[in-house]
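Notes follow the structure.
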Number of protein chains: 2
Amino acid sequence: MPAARPEPFANGLNPFICFAVYSANLAFSRVYKPFLDALGLTYPQYLALVSLWAEDDQTVGQLGEKLFLESNTLTPLLKRLEALGHIERNRDPADERQVRVRLTAKGKALREQARCVPEGILEASGMKLDALHELSSQITALRERLLAADAKKPR
Amino acid sequence: MPAARPEPFANGLNPFICFAVYSANLAFSRVYKPFLDALGLTYPQYLALVSLWAEDDQTVGQLGEKLFLESNTLTPLLKRLEALGHIERNRDPADERQVRVRLTAKGKALREQARCVPEGILEASGMKLDALHELSSQITALRERLLAADAKKPR
DNA sequence: ATCATATATATCGCACGCGATTAAATCGTG
DNA sequence: CACGATTTAATCGCGTGCGATATATATGAT
């Protein structure tokens with residue numbers, strides 16, 4: 001965000017780091033679009049599958065913690081992934097409140113199809129891998145501070 | 001994104017810079033929420049007003065270039081800002097295809113109400129202003145490279 | 001002047017993201 | 001064991017983003 005000087009909006013959106021993040025997120029989803037169209041996935045669906053490819057058999061709540069989403073967003077998204085045949089959703093017999101999300105054979109096979117996507121995005125970013133990781137960890141650290149501040153607010 | 005090695009998804013979402021940006025954007029919108037609730041605005045509505053506070057009397061297309069949005073997103077958003085009394089939308093008499101967006105007195109007054117918001121976000125970020133600006137410009141540069149790569153794709 | 005083309009905005013449908021609420025299962029304390 | 005409190009997902013409504021399309025205005029070649 002801009003300096004907290006007398007006229008904080010005189011220079012428009014560019015001084016705002018929130019806008020840098022907002023617009024970079026739009027840019028990422030546009031760069032991903034052709035790759036994900038080929039897989040028949042949306043960008044958030046892809047992110048959910050990335051999490052499941054690393055760790056199968058997660059509950060909705062566990063997925064939500066990793067994606068920073070709640071069931072009101074995840075449940076419909078997971079139902080679409082289920083309709084596409086990539087996952088199965090079943091109540092956990094040991095605790096019927098929880099729903100376990102598991103990859104199907106088709107969902108596991110999609111991982112191989114998606115293998116080349118990260119290289120394509122890396123190329124589009126025009127950055128070296130080291131610089132990208134450095135920037136990524138700075139943005140992640142910022143996210144954690146923002147969420148910590150958010151958690152401090154009275155609910 | 002992670003290294004383009006044989007198992008690109010073995011470490012889940014954390015190596016992906018796109019996810020860092022995605023989740024930081026969610027975090028920003030959550031930190032902004034209490035501030036914007038007090039103003040009766042959504043996060044994208046606030047961004048549109050920030051642009052108008054810096055430069056009044058923009059066309060829908062000009063606003064779209066600054067926000068990286070098209071009329072399919074902007075028109076409904078601007079209609080809501082109009083319904084809230086913050087802006088007026090009028091066809092440009094010199095070129096009836098264009099719609100000029102102008103702040104009302106209420107919209108200009110809201111700028112004063114919003115004056116203290118950037119400081120609140122700065123505090124929530126837990127960063128010094130210099131470090132924030134440096135990070136912001138790196139993210140903006142990444143956005144520009146991504147959009148340039150996107151523009152290269154056949155349409 | 002005419003008509004095809006280009007430009008600017010609006011409309012529609014769908015997939016998120018999320019506040020608010022609901023429903024069902026489990027836990028905790030008596 | 002009973003029963004209120006807690007936990008987990010699901011549901012609903014609304015506001016974005018965006019692909020596809022529609023409409024109206026302006027431009028340009030003849």
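Residues in the structure tokens are numbered from 1 in each chain, the chains being A, B, ... in the order shown, and ligands are numbered from 1 in the order shown.
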> If we count only C-alpha atoms (C1' of nucleotides), which residues of chain C reach to within 10 Å of chain B? Please list them as number ranges by chain.
Replying inline: C: 7-12, 17-18
Create the file for the chosen residues now, containing C-alpha atoms (C1' of nucleotides) and written as a short mmCIF file (atom, residue, chain, number, x, y, z; two decimals), in the first residue's frame.
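Heads up, here's the output in again12.cif:
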```
data_model
loop_
_atom_site.label_atom_id
_atom_site.label_comp_id
_atom_site.auth_asym_id
_atom_site.auth_seq_id
_atom_site.Cartn_x
_atom_site.Cartn_y
_atom_site.Cartn_z
"C1'" DT C 7 -14.87 -0.53 -31.36
"C1'" DA C 8 -17.20 0.08 -26.72
"C1'" DT C 9 -20.25 -1.58 -23.64
"C1'" DA C 10 -23.75 -4.72 -22.00
"C1'" DT C 11 -25.83 -9.38 -21.22
"C1'" DC C 12 -25.82 -14.23 -19.97
"C1'" DG C 17 -15.19 -17.03 -2.41
"C1'" DC C 18 -17.59 -16.12 1.53
#
```
Filtered DSSP result for chain B, state strand (DSSP E or B), as a compact mmCIF listing (two decimals) with C-alpha atoms, in the first residue's frame:
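Just written: states_1.txt:
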```txt
# COMPACT_ATOMS: atom_id res chain seq x y z
CA GLN B 58 -12.68 7.61 -16.79
CA THR B 59 -14.36 5.45 -19.39
CA ILE B 87 -20.59 7.28 -9.08
CA GLU B 88 -22.57 8.35 -12.15
CA ARG B 89 -22.44 6.54 -15.51
CA ASN B 90 -23.23 8.52 -18.66
CA ARG B 91 -22.67 7.94 -22.37
CA ASP B 92 -20.04 10.27 -23.77
CA ASP B 95 -18.70 9.09 -28.74
CA GLU B 96 -21.87 7.36 -27.67
CA ARG B 97 -20.14 3.98 -27.52
CA GLN B 98 -18.22 5.05 -24.45
CA VAL B 99 -19.53 5.38 -20.92
CA ARG B 100 -17.89 7.94 -18.70
CA VAL B 101 -17.69 7.14 -15.00
CA ARG B 102 -17.67 10.10 -12.63
CA LEU B 103 -17.57 10.35 -8.86
```
> Given the choices A:Ser51, A:Gln45, A:Gln113, A:Ser29, which gets closest to chain B if the distance is worked out from only C-alpha atoms?
Replying inline: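 Residue with the minimum atom-to-atom distance to chain B: A:Ser51.
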> Quick one: DSSP helix (DSSP H, G or I) residues in chain A, as an MDAnalysis selection string?
Replying inline: chainID A and resid 17:39 43:54 60:67 71:83 105:113 117:125 129:152
I need the contact residues of chain D against chain B, so if you could list those with any atom within 9 Å, counting only C-alpha atoms (C1' of nucleotides), and return them as a compact mmCIF listing (two decimals) with all heavy atoms, in the first residue's frame, that would help.
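The resulting file, result-v4.txt, is reproduced below:
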```txt
# COMPACT_ATOMS: atom_id res chain seq x y z
P DG D 15 -24.99 -8.19 -4.44
OP1 DG D 15 -25.33 -6.96 -3.71
OP2 DG D 15 -25.70 -8.55 -5.69
O5' DG D 15 -23.44 -8.15 -4.76
C5' DG D 15 -22.50 -8.18 -3.69
C4' DG D 15 -21.14 -8.60 -4.22
O4' DG D 15 -21.14 -10.03 -4.43
C3' DG D 15 -20.75 -7.96 -5.54
O3' DG D 15 -19.38 -7.60 -5.49
C2' DG D 15 -21.01 -9.08 -6.56
C1' DG D 15 -20.65 -10.30 -5.74
N9 DG D 15 -21.27 -11.54 -6.20
C8 DG D 15 -22.58 -11.72 -6.60
N7 DG D 15 -22.84 -12.95 -6.96
C5 DG D 15 -21.63 -13.62 -6.79
C6 DG D 15 -21.29 -14.97 -7.03
O6 DG D 15 -22.01 -15.89 -7.44
N1 DG D 15 -19.95 -15.23 -6.73
C2 DG D 15 -19.07 -14.29 -6.27
N2 DG D 15 -17.83 -14.71 -6.02
N3 DG D 15 -19.37 -13.02 -6.04
C4 DG D 15 -20.66 -12.76 -6.32
P DT D 16 -18.73 -6.60 -6.57
OP1 DT D 16 -17.41 -6.29 -6.06
OP2 DT D 16 -19.73 -5.55 -6.82
O5' DT D 16 -18.60 -7.45 -7.92
C5' DT D 16 -17.34 -7.60 -8.54
C4' DT D 16 -16.61 -8.82 -7.96
O4' DT D 16 -17.54 -9.92 -7.82
C3' DT D 16 -15.49 -9.30 -8.86
O3' DT D 16 -14.44 -9.80 -8.05
C2' DT D 16 -16.16 -10.40 -9.67
C1' DT D 16 -17.06 -11.02 -8.60
N1 DT D 16 -18.22 -11.78 -9.11
C2 DT D 16 -18.09 -13.13 -9.35
O2 DT D 16 -17.05 -13.74 -9.20
N3 DT D 16 -19.23 -13.74 -9.79
C4 DT D 16 -20.47 -13.17 -9.99
O4 DT D 16 -21.43 -13.85 -10.38
C5 DT D 16 -20.54 -11.76 -9.74
C7 DT D 16 -21.83 -11.03 -9.93
C6 DT D 16 -19.44 -11.14 -9.31
P DG D 17 -12.95 -9.86 -8.60
OP1 DG D 17 -12.06 -10.33 -7.54
OP2 DG D 17 -12.68 -8.58 -9.28
O5' DG D 17 -12.99 -11.01 -9.70
C5' DG D 17 -12.56 -10.74 -11.00
C4' DG D 17 -12.38 -12.03 -11.74
O4' DG D 17 -13.62 -12.78 -11.74
C3' DG D 17 -12.04 -11.76 -13.21
O3' DG D 17 -11.09 -12.73 -13.62
C2' DG D 17 -13.40 -11.91 -13.92
C1' DG D 17 -14.09 -12.96 -13.06
N9 DG D 17 -15.55 -12.85 -13.04
C8 DG D 17 -16.27 -11.72 -12.78
N7 DG D 17 -17.57 -11.92 -12.81
C5 DG D 17 -17.69 -13.28 -13.10
C6 DG D 17 -18.85 -14.08 -13.26
O6 DG D 17 -20.04 -13.73 -13.18
N1 DG D 17 -18.54 -15.39 -13.55
C2 DG D 17 -17.27 -15.88 -13.67
N2 DG D 17 -17.15 -17.18 -13.94
N3 DG D 17 -16.18 -15.15 -13.52
C4 DG D 17 -16.47 -13.86 -13.24
P DC D 18 -10.40 -12.57 -15.04
OP1 DC D 18 -9.13 -13.30 -14.99
OP2 DC D 18 -10.41 -11.14 -15.39
O5' DC D 18 -11.37 -13.32 -16.06
C5' DC D 18 -11.48 -14.73 -15.93
C4' DC D 18 -12.54 -15.20 -16.91
O4' DC D 18 -13.86 -14.89 -16.41
C3' DC D 18 -12.46 -14.53 -18.29
O3' DC D 18 -12.60 -15.54 -19.26
C2' DC D 18 -13.65 -13.61 -18.31
C1' DC D 18 -14.63 -14.46 -17.50
N1 DC D 18 -15.83 -13.74 -17.02
C2 DC D 18 -17.04 -14.44 -16.98
O2 DC D 18 -17.05 -15.61 -17.32
N3 DC D 18 -18.15 -13.80 -16.56
C4 DC D 18 -18.09 -12.51 -16.20
N4 DC D 18 -19.21 -11.92 -15.80
C5 DC D 18 -16.86 -11.78 -16.24
C6 DC D 18 -15.76 -12.43 -16.65
P DA D 24 -29.70 -2.04 -30.32
OP1 DA D 24 -31.01 -1.76 -29.72
OP2 DA D 24 -29.61 -2.55 -31.71
O5' DA D 24 -28.81 -0.72 -30.23
C5' DA D 24 -28.22 -0.38 -28.99
C4' DA D 24 -26.97 0.42 -29.23
O4' DA D 24 -25.88 -0.46 -29.56
C3' DA D 24 -27.09 1.43 -30.38
O3' DA D 24 -26.68 2.70 -29.93
C2' DA D 24 -26.16 0.86 -31.45
C1' DA D 24 -25.13 0.13 -30.61
N9 DA D 24 -24.43 -0.94 -31.30
C8 DA D 24 -24.97 -1.99 -31.99
N7 DA D 24 -24.09 -2.81 -32.50
C5 DA D 24 -22.86 -2.26 -32.12
C6 DA D 24 -21.54 -2.65 -32.35
N6 DA D 24 -21.20 -3.74 -33.04
N1 DA D 24 -20.57 -1.88 -31.81
C2 DA D 24 -20.91 -0.79 -31.11
N3 DA D 24 -22.13 -0.32 -30.83
C4 DA D 24 -23.07 -1.11 -31.37
P DT D 25 -26.99 3.98 -30.84
OP1 DT D 25 -27.67 4.96 -29.97
OP2 DT D 25 -27.61 3.51 -32.10
O5' DT D 25 -25.55 4.54 -31.20
C5' DT D 25 -24.61 4.71 -30.16
C4' DT D 25 -23.21 4.66 -30.73
O4' DT D 25 -22.96 3.37 -31.30
C3' DT D 25 -22.95 5.68 -31.86
O3' DT D 25 -21.97 6.59 -31.42
C2' DT D 25 -22.49 4.82 -33.04
C1' DT D 25 -22.05 3.53 -32.35
N1 DT D 25 -22.11 2.31 -33.20
C2 DT D 25 -20.94 1.70 -33.55
O2 DT D 25 -19.84 2.11 -33.23
N3 DT D 25 -21.09 0.56 -34.32
C4 DT D 25 -22.27 0.00 -34.75
O4 DT D 25 -22.29 -1.01 -35.43
C5 DT D 25 -23.47 0.70 -34.34
C7 DT D 25 -24.79 0.18 -34.75
C6 DT D 25 -23.34 1.81 -33.59
P DA D 26 -21.50 7.82 -32.32
OP1 DA D 26 -21.03 8.86 -31.39
OP2 DA D 26 -22.55 8.11 -33.30
O5' DA D 26 -20.23 7.26 -33.09
C5' DA D 26 -19.09 6.87 -32.32
C4' DA D 26 -18.06 6.24 -33.23
O4' DA D 26 -18.59 5.04 -33.81
C3' DA D 26 -17.57 7.11 -34.39
O3' DA D 26 -16.16 7.14 -34.36
C2' DA D 26 -18.11 6.40 -35.64
C1' DA D 26 -18.18 4.97 -35.16
N9 DA D 26 -19.16 4.12 -35.83
C8 DA D 26 -20.53 4.29 -35.86
N7 DA D 26 -21.16 3.35 -36.54
C5 DA D 26 -20.15 2.52 -36.97
C6 DA D 26 -20.16 1.35 -37.76
N6 DA D 26 -21.28 0.78 -38.21
N1 DA D 26 -18.97 0.76 -38.02
C2 DA D 26 -17.85 1.33 -37.55
N3 DA D 26 -17.71 2.43 -36.81
C4 DA D 26 -18.91 2.98 -36.56
```
> By how many Å are atom CA of Ala109 of chain B and atom CA of Phe19 of chain A apart?
Replying inline: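 Answer for the atom CA of Ala109 of chain B to atom CA of Phe19 of chain A separation: 22.2 Å.
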>> So that I can check the surroundings of DG28 of chain C, please list as a list in words every protein, DNA and RNA residue that reaches within 10 Å of it, counting only C-alpha atoms (C1' of nucleotides) and ignoring chain neighbours fewer than 3 positions away.
In response: DG4, DA5 and DT6 of chain D
> DT5 of chain C: which residues within 10 Å, counting only C-alpha atoms (C1' of nucleotides), same-chain residues fewer than 2 positions away excluded, as a VMD selection string?
Replying inline: (chain C and resid 3 7) or (chain D and resid 27 to 28)
Please, could you write that set of residues out with N, CA, C and O atoms (P, O5', C5', C4', C3', O3' and C1' of nucleotides) as a PDB file, in the first residue's frame?
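Wrote it out as selection.pdb, contents follow:
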```pdb
ATOM      1  P    DC C   3     -26.652  -0.046 -48.538  1.00  0.00           P
ATOM      2  O5'  DC C   3     -25.468  -1.034 -48.134  1.00  0.00           O
ATOM      3  C5'  DC C   3     -24.425  -1.292 -49.070  1.00  0.00           C
ATOM      4  C4'  DC C   3     -23.196  -1.798 -48.331  1.00  0.00           C
ATOM      5  C3'  DC C   3     -23.510  -2.759 -47.178  1.00  0.00           C
ATOM      6  O3'  DC C   3     -22.555  -3.807 -47.170  1.00  0.00           O
ATOM      7  C1'  DC C   3     -22.235  -0.971 -46.366  1.00  0.00           C
ATOM      8  P    DT C   7     -10.534  -2.230 -33.800  1.00  0.00           P
ATOM      9  O5'  DT C   7     -11.552  -1.449 -32.857  1.00  0.00           O
ATOM     10  C5'  DT C   7     -11.862  -0.096 -33.151  1.00  0.00           C
ATOM     11  C4'  DT C   7     -12.906   0.402 -32.178  1.00  0.00           C
ATOM     12  C3'  DT C   7     -12.663   0.008 -30.721  1.00  0.00           C
ATOM     13  O3'  DT C   7     -12.781   1.174 -29.921  1.00  0.00           O
ATOM     14  C1'  DT C   7     -14.874  -0.529 -31.365  1.00  0.00           C
TER      15       DT C   7
ATOM     16  P    DT D  27     -15.332   8.080 -35.353  1.00  0.00           P
ATOM     17  O5'  DT D  27     -14.769   7.060 -36.444  1.00  0.00           O
ATOM     18  C5'  DT D  27     -14.056   5.909 -36.001  1.00  0.00           C
ATOM     19  C4'  DT D  27     -13.724   5.036 -37.196  1.00  0.00           C
ATOM     20  C3'  DT D  27     -13.179   5.798 -38.417  1.00  0.00           C
ATOM     21  O3'  DT D  27     -11.978   5.169 -38.821  1.00  0.00           O
ATOM     22  C1'  DT D  27     -14.934   4.341 -39.053  1.00  0.00           C
ATOM     23  P    DG D  28     -11.060   5.886 -39.939  1.00  0.00           P
ATOM     24  O5'  DG D  28     -11.156   4.913 -41.201  1.00  0.00           O
ATOM     25  C5'  DG D  28     -11.322   3.512 -41.004  1.00  0.00           C
ATOM     26  C4'  DG D  28     -11.604   2.839 -42.334  1.00  0.00           C
ATOM     27  C3'  DG D  28     -11.083   3.609 -43.559  1.00  0.00           C
ATOM     28  O3'  DG D  28     -10.737   2.679 -44.565  1.00  0.00           O
ATOM     29  C1'  DG D  28     -13.420   3.427 -43.700  1.00  0.00           C
TER      30       DG D  28
END
```
Could you make a table, as a tab-separated table, of the residues of chain B that have an atom within 7 Å of an atom of chain A, each with its nearest atom pair and distance in Å to one decimal, counting only C-alpha atoms, in chain and number order?
```
residue	atom	partner	partner_atom	distance
B:Met1	CA	A:Pro118	CA	6.0
B:Pro2	CA	A:Pro118	CA	6.9
B:Ala3	CA	A:Leu129	CA	6.9
B:Ala4	CA	A:Glu119	CA	5.7
B:Pro8	CA	A:Arg115	CA	6.5
B:Phe9	CA	A:Ala54	CA	5.8
B:Ala10	CA	A:Ala54	CA	4.8
B:Asn11	CA	A:Ala54	CA	5.8
B:Gly12	CA	A:Ala54	CA	4.9
B:Leu13	CA	A:Ser51	CA	5.9
B:Ile17	CA	A:Ser136	CA	4.8
B:Cys18	CA	A:Phe28	CA	6.3
B:Ala20	CA	A:Thr140	CA	5.3
B:Val21	CA	A:Asn25	CA	5.8
B:Tyr22	CA	A:Asn25	CA	5.6
B:Ser23	CA	A:Phe68	CA	6.8
B:Ala24	CA	A:Arg143	CA	4.7
B:Asn25	CA	A:Tyr22	CA	5.6
B:Ala27	CA	A:Leu147	CA	5.9
B:Phe28	CA	A:Cys18	CA	6.3
B:Arg30	CA	A:Asp150	CA	6.9
B:Val31	CA	A:Asp150	CA	5.5
B:Val50	CA	A:Gly12	CA	5.8
B:Ser51	CA	A:Gly12	CA	4.9
B:Trp53	CA	A:Phe9	CA	6.3
B:Ala54	CA	A:Ala10	CA	4.8
B:Phe68	CA	A:Ser23	CA	6.9
B:Arg115	CA	A:Pro8	CA	6.5
B:Pro118	CA	A:Met1	CA	6.0
B:Glu119	CA	A:Ala4	CA	5.7
B:Leu122	CA	A:Met1	CA	6.7
B:Ala124	CA	A:Ala149	CA	5.3
B:Ser125	CA	A:Leu146	CA	5.3
B:Gly126	CA	A:Arg145	CA	6.3
B:Leu129	CA	A:Ala3	CA	6.9
B:Ser136	CA	A:Ile17	CA	4.8
B:Ile139	CA	A:Ala20	CA	6.0
B:Thr140	CA	A:Ala20	CA	5.3
B:Leu142	CA	A:Ser125	CA	6.4
B:Arg143	CA	A:Ala24	CA	4.7
B:Arg145	CA	A:Ser125	CA	5.8
B:Leu146	CA	A:Ser125	CA	5.3
B:Leu147	CA	A:Ala27	CA	5.9
B:Ala149	CA	A:Ala124	CA	5.3
B:Asp150	CA	A:Val31	CA	5.5
```
> So which residues touch DT21 of chain C within 12 Å, counting only C-alpha atoms (C1' of nucleotides), skipping near sequence neighbours fewer than 2 positions away, as a VMD selection string?
Replying inline: (chain A and resid 72) or (chain C and resid 19 23) or (chain D and resid 10 to 13)
> In Å to one decimal, how far is atom CA of Leu110 of chain A from atom CA of Lys128 of chain A?
Replying inline: 26.8 Å
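One finds atom CA of Gly85 of chain B at 12.6 Å from atom CA of Leu39 of chain B.
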